[in-house]
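input_28.tsv follows; it contains TSV, C-alpha atoms.
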chain	number	residue	atom	x	y	z
J	128	MET	CA	16.98	35.33	-16.73
J	129	ILE	CA	14.23	35.02	-14.13
J	130	ALA	CA	10.92	34.00	-15.68
J	131	ALA	CA	7.66	34.49	-13.80
J	132	VAL	CA	3.97	34.80	-14.49
J	133	ASP	CA	0.67	34.81	-12.60
J	134	ASP	CA	0.37	31.04	-12.29
J	135	CYS	CA	-2.32	28.86	-13.74
J	136	GLY	CA	-2.20	25.60	-15.66
J	137	SER	CA	-1.69	26.97	-19.18
J	138	CYS	CA	0.44	29.92	-17.98
J	139	THR	CA	2.85	27.49	-16.30
J	140	LYS	CA	3.23	25.50	-19.50
J	141	PHE	CA	4.14	28.53	-21.61
J	142	LEU	CA	6.37	29.93	-18.85
J	143	ILE	CA	8.42	26.73	-19.07
J	144	TYR	CA	8.53	26.97	-22.88
J	145	ASN	CA	9.95	30.50	-22.61
J	146	THR	CA	12.50	29.50	-19.97
J	147	ILE	CA	13.70	26.63	-22.15
J	148	PHE	CA	13.95	29.05	-25.08
J	149	ALA	CA	16.33	31.25	-23.05
J	150	GLU	CA	18.44	28.23	-22.03
J	151	ASP	CA	18.58	27.07	-25.66
J	152	HIS	CA	20.03	30.49	-26.53
J	153	GLY	CA	22.82	30.30	-23.94
J	154	LYS	CA	21.20	32.28	-21.12
J	155	SER	CA	21.05	30.91	-17.57
J	156	ALA	CA	17.38	30.86	-16.66
J	157	VAL	CA	15.14	29.95	-13.77
J	158	ALA	CA	11.36	29.76	-13.75
J	159	LEU	CA	9.38	30.90	-10.71
J	160	VAL	CA	6.35	28.64	-10.34
J	161	HIS	CA	3.74	28.58	-7.60
J	162	LYS	CA	4.17	25.42	-5.51
J	163	GLY	CA	0.73	24.21	-6.58
J	164	PHE	CA	1.89	24.00	-10.20
J	165	MET	CA	5.30	22.35	-9.75
J	166	ASN	CA	4.17	19.00	-11.17
J	167	ASP	CA	2.89	20.79	-14.28
J	168	ALA	CA	6.19	22.65	-14.64
J	169	ARG	CA	8.32	19.52	-14.26
J	170	ALA	CA	6.17	17.52	-16.65
J	171	THR	CA	6.29	20.28	-19.28
J	172	ALA	CA	10.08	20.59	-19.00
J	173	ALA	CA	10.47	16.83	-19.39
J	174	ILE	CA	8.12	16.71	-22.40
J	175	ARG	CA	10.13	19.51	-24.03
J	176	GLY	CA	13.41	17.60	-23.50
J	177	MET	CA	14.88	19.63	-20.62
J	178	PRO	CA	13.88	17.80	-17.41
J	179	GLY	CA	16.78	19.38	-15.53
J	180	LEU	CA	15.47	22.91	-16.08
J	181	ARG	CA	15.83	25.02	-12.94
J	182	VAL	CA	12.41	25.71	-11.44
J	183	VAL	CA	11.95	27.46	-8.09
J	184	ALA	CA	8.75	26.86	-6.12
J	185	GLU	CA	7.31	30.03	-4.68
J	186	SER	CA	4.33	30.56	-2.38
J	187	VAL	CA	2.88	33.90	-3.52
J	188	PRO	CA	-0.71	33.36	-4.71
J	189	PRO	CA	-1.43	35.49	-7.81
J	190	GLU	CA	-4.47	37.17	-6.23
J	191	ASN	CA	-3.00	37.91	-2.79
J	192	THR	CA	-2.73	41.58	-1.80
J	193	VAL	CA	-1.64	41.20	1.85
J	194	MET	CA	1.76	42.93	1.78
J	195	LYS	CA	3.21	41.27	4.90
J	196	HIS	CA	2.48	37.86	3.36
J	197	ILE	CA	3.94	38.83	-0.01
J	198	GLU	CA	7.15	40.21	1.53
J	199	GLY	CA	7.68	37.03	3.53
J	200	TRP	CA	7.14	34.84	0.48
J	201	VAL	CA	9.52	36.96	-1.63
J	202	ASP	CA	12.22	36.78	1.07
J	203	GLU	CA	11.72	33.01	1.15
J	204	ALA	CA	12.12	32.69	-2.64
J	205	MET	CA	15.29	34.79	-3.08
J	206	PRO	CA	17.96	32.31	-1.85
J	207	PRO	CA	16.79	29.48	-4.15
J	208	ILE	CA	16.60	31.93	-7.07
J	209	VAL	CA	20.22	33.01	-6.52
J	210	ALA	CA	21.29	29.37	-6.12
J	211	ALA	CA	19.44	28.32	-9.28
J	212	LEU	CA	21.25	30.97	-11.32
J	213	SER	CA	24.72	30.45	-9.89
J	214	GLN	CA	25.25	26.78	-8.96
J	215	PRO	CA	26.06	23.93	-11.38
J	216	LEU	CA	23.45	21.23	-11.93
J	217	SER	CA	23.46	18.49	-9.31
J	218	PRO	CA	23.48	14.79	-10.35
J	219	GLU	CA	19.77	14.61	-9.43
J	220	GLU	CA	19.00	17.58	-11.68
J	221	GLN	CA	20.97	16.03	-14.54
J	222	ASN	CA	18.90	12.85	-14.25
J	223	PRO	CA	15.62	13.86	-12.57
J	224	GLN	CA	12.87	11.40	-11.68
J	225	ARG	CA	9.23	12.44	-11.83
J	226	VAL	CA	7.53	12.29	-8.44
J	227	PHE	CA	3.78	11.95	-8.22
J	228	GLU	CA	2.38	13.24	-4.94
J	229	PRO	CA	-1.09	12.05	-3.95
J	230	VAL	CA	-3.71	14.78	-4.07
J	231	PRO	CA	-5.87	14.85	-0.92
J	232	ARG	CA	-9.59	14.44	-1.58
J	233	VAL	CA	-10.43	17.11	1.03
J	234	ALA	CA	-8.24	20.22	0.83
J	235	LEU	CA	-9.67	22.06	3.85
J	236	THR	CA	-12.35	21.93	6.50
J	237	GLY	CA	-13.82	24.98	8.20
J	238	THR	CA	-16.58	27.53	8.18
J	239	LEU	CA	-17.85	29.19	5.01
J	240	ASP	CA	-15.79	32.30	5.79
J	241	GLU	CA	-12.66	30.25	6.52
J	242	VAL	CA	-12.97	28.29	3.28
J	243	ASN	CA	-13.50	31.44	1.20
J	244	ARG	CA	-10.58	33.21	2.90
J	245	TYR	CA	-8.32	30.18	2.31
J	246	PHE	CA	-9.30	29.89	-1.37
J	247	TYR	CA	-8.60	33.61	-1.84
J	248	GLU	CA	-5.23	33.44	-0.09
J	249	GLN	CA	-4.21	30.50	-2.31
J	250	GLY	CA	-5.11	32.50	-5.42
J	251	TRP	CA	-7.88	30.04	-6.34
J	252	THR	CA	-10.59	32.74	-6.44
J	253	ASP	CA	-10.75	36.45	-7.18
J	254	GLY	CA	-12.50	37.12	-3.87
J	255	LEU	CA	-16.04	36.42	-4.99
J	256	PRO	CA	-17.70	33.91	-2.64
J	257	ILE	CA	-17.94	30.22	-3.46
J	258	ILE	CA	-19.90	27.39	-1.91
J	259	PRO	CA	-17.50	24.73	-0.58
J	260	PRO	CA	-17.86	21.50	-2.60
J	261	THR	CA	-18.44	19.14	0.32
J	262	GLU	CA	-18.93	15.42	-0.31
J	263	ALA	CA	-22.65	15.82	0.47
J	264	LYS	CA	-23.15	18.78	-1.89
J	265	VAL	CA	-21.26	17.09	-4.72
J	266	ALA	CA	-23.33	13.91	-4.24
J	267	GLU	CA	-26.50	16.02	-4.39
J	268	MET	CA	-25.27	17.71	-7.58
J	269	LEU	CA	-24.55	14.32	-9.15
J	270	GLN	CA	-28.22	13.41	-8.75
J	271	GLY	CA	-28.87	15.67	-11.74
J	272	THR	CA	-27.20	13.23	-14.14
J	273	ASP	CA	-27.35	9.54	-14.98
J	274	LEU	CA	-23.66	9.48	-15.93
J	275	PRO	CA	-21.14	7.81	-13.58
J	276	ARG	CA	-19.06	10.29	-11.59
J	277	ASP	CA	-15.79	9.05	-13.11
J	278	ASP	CA	-17.03	9.26	-16.72
J	279	VAL	CA	-14.63	11.36	-18.82
J	280	ILE	CA	-16.79	13.73	-20.86
J	281	GLY	CA	-14.13	15.98	-22.31
J	282	LYS	CA	-10.55	17.19	-22.23
J	283	LEU	CA	-9.19	20.56	-21.14
J	284	ILE	CA	-6.46	22.23	-23.15
J	285	PRO	CA	-3.53	22.79	-23.16
J	286	ARG	CA	-2.46	19.51	-21.46
J	287	GLN	CA	-5.58	17.52	-22.25
J	288	GLY	CA	-6.67	17.25	-18.61
J	289	LYS	CA	-9.57	14.88	-18.04
J	290	VAL	CA	-12.96	16.49	-17.41
J	291	THR	CA	-14.96	14.00	-15.36
J	292	VAL	CA	-18.61	14.23	-14.39
J	293	GLU	CA	-17.52	14.63	-10.75
J	294	LYS	CA	-15.17	17.54	-11.59
J	295	VAL	CA	-18.02	19.27	-13.39
J	296	ALA	CA	-20.23	18.68	-10.32
J	297	ILE	CA	-17.55	20.14	-8.01
J	298	ASN	CA	-17.33	23.30	-10.15
J	299	ALA	CA	-21.12	23.49	-10.31
J	300	VAL	CA	-21.41	23.38	-6.51
J	301	MET	CA	-18.87	26.19	-6.12
J	302	ALA	CA	-20.79	28.26	-8.68
J	303	VAL	CA	-24.13	27.69	-6.90
J	304	ALA	CA	-25.66	25.79	-9.83
J	305	LEU	CA	-28.65	23.48	-9.39
J	306	PRO	CA	-28.61	19.68	-9.83
J	307	LYS	CA	-31.16	19.94	-12.64
J	308	TYR	CA	-28.46	21.57	-14.77
J	309	GLY	CA	-26.80	18.14	-14.88
J	310	SER	CA	-29.17	17.12	-17.63
J	311	ILE	CA	-27.09	19.10	-20.13
J	312	LYS	CA	-25.67	16.72	-22.72
J	313	PRO	CA	-21.87	16.13	-22.68
J	314	LYS	CA	-21.37	17.61	-26.18
J	315	TYR	CA	-22.40	21.03	-24.80
J	316	LEU	CA	-20.01	20.67	-21.87
J	317	ASP	CA	-17.13	20.27	-24.34
J	318	GLU	CA	-18.07	23.63	-25.84
J	319	CYS	CA	-18.15	25.50	-22.52
J	320	ALA	CA	-15.34	23.72	-20.64
J	321	GLY	CA	-12.71	26.37	-21.28
J	322	SER	CA	-14.88	29.29	-20.22
J	323	CYS	CA	-16.42	27.47	-17.25
J	324	GLY	CA	-13.07	26.73	-15.59
J	325	PHE	CA	-13.30	22.92	-15.74
Any chance you could put this one into structure tokens?
Amino acid sequence: MIAAVDDCGSCTKFLIYNTIFAEDHGKSAVALVHKGFMNDARATAAIRGMPGLRVVAESVPPENTVMKHIEGWVDEAMPPIVAALSQPLSPEEQNPQRVFEPVPRVALTGTLDEVNRYFYEQGWTDGLPIIPPTEAKVAEMLQGTDLPRDDVIGKLIPRQGKVTVEKVAINAVMAVALPKYGSIKPKYLDECAGSCGF
């Protein structure tokens, strides 16, 4: 079985659940996961007791519609898919170790058009424009609150991700909010976190 879904945090989690379900019922299975969500996939498999689950990293952003890019990414993904379904587990797969890769603070530099094009090609936006959350703009947004930037003001389901004041400010900058909106009390942020994309 080849399991795939348009990738996002919660979609990845349930994709792994379904792939494990197939393996538990005697079917060879591999999950296709966008490379940006591999840590989520591995962590979910480990939590569910199957850390050696076969997961193939693919590069096709869910929102991309550029056919020449998609065809190249599909061609790139096919050999590891075939290998995952046909080869026995390696010693490393039988006893995998979690690897934590540092996340860069700045993902990209460039013009407004370049940043919006890059975000779209990665599948991080639906094509609507965003304002890049530069250090300066995030600092300006944080002036709208008295809370420290690393204050955890909520958790995001399904994996209980930490919602910090700074992460809210980053999202607010991209959505063209104003710093004065930072005066909203944390209890209201808990209520809107899921729909606001935090």
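The interatomic distance for the pair CA of Met165 (chain J) and CA of Ile143 (chain J) works out to 10.8 Å.
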All residues 8 Å or closer to region 191-196 of chain J, all atoms listed in the file, same chain fewer than 4 positions away omitted, as a list in words: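 Surrounding residues, per the criterion: Val187, Trp200, Tyr247, Glu248, Gln249 and Gly250 of chain J.
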Of the residues J:Val233, J:Ala296, J:Met177, J:Ile257, which is the one nearest to Gln270 (chain J), using all atoms listed in the file?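 Counting all atoms listed in the file, the residue closest to Gln270 (chain J) is J:Ala296.
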Considering only C-alpha atoms, state which residue in the set J:Leu212, J:Val265, J:Val160, J:Ala234 is at the smallest distance from Ala184 (chain J).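 When distances to Ala184 (chain J) are compared using only C-alpha atoms, the smallest one comes from J:Val160.
Using all atoms listed in the file, the shortest contact distance between Ile297 (chain J) and any of J:Met128, J:Ile258, J:Ile174, J:Leu142 is found at J:Ile258.
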What does the structure give for the distance between CA of Tyr245 (chain J) and CA of Pro188 (chain J), in Å to one decimal?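 Separation between CA of Tyr245 (chain J) and CA of Pro188 (chain J): 10.8 Å.
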Give me the residues near Lys154 (chain J) as number ranges by chain, where near means some atom within 12 Å (using all atoms listed in the file) and where sequence neighbours in that chain fewer than 2 positions away do not count. J: 128-130, 145-152, 156-157, 212-213
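Here CA of Val182 (chain J) stands at a distance of 21.4 Å from CA of Trp251 (chain J).
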Looking at J:Ala172, J:Ala131, J:Val295, J:Ala266, which one is nearest to Ile280 (chain J), with distances taken over only C-alpha atoms?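 Between J:Ala172, J:Ala131, J:Val295, J:Ala266, the residue approaching Ile280 (chain J) most closely is J:Val295.
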Go through J:Ala204, J:Leu235, J:Leu274, J:Ala211 one by one, measure the shortest atom-to-atom distance of each to Pro260 (chain J) using only C-alpha atoms, and give the residue with the smallest value. J:Leu235
Minimum-distance residue to Ser137 (chain J), chosen among J:Asp273, J:Ile284, J:Pro231, J:Ala170 (using all atoms listed in the file):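 Ranking J:Asp273, J:Ile284, J:Pro231, J:Ala170 by distance to Ser137 (chain J), first place goes to J:Ile284.
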Identify the residues within 12 Å of coordinate (-18.2, 30.3, 3.7) (same frame as the file), considering all atoms listed in the file, and give the answer as number ranges by chain. J: 235-247, 254-261, 301
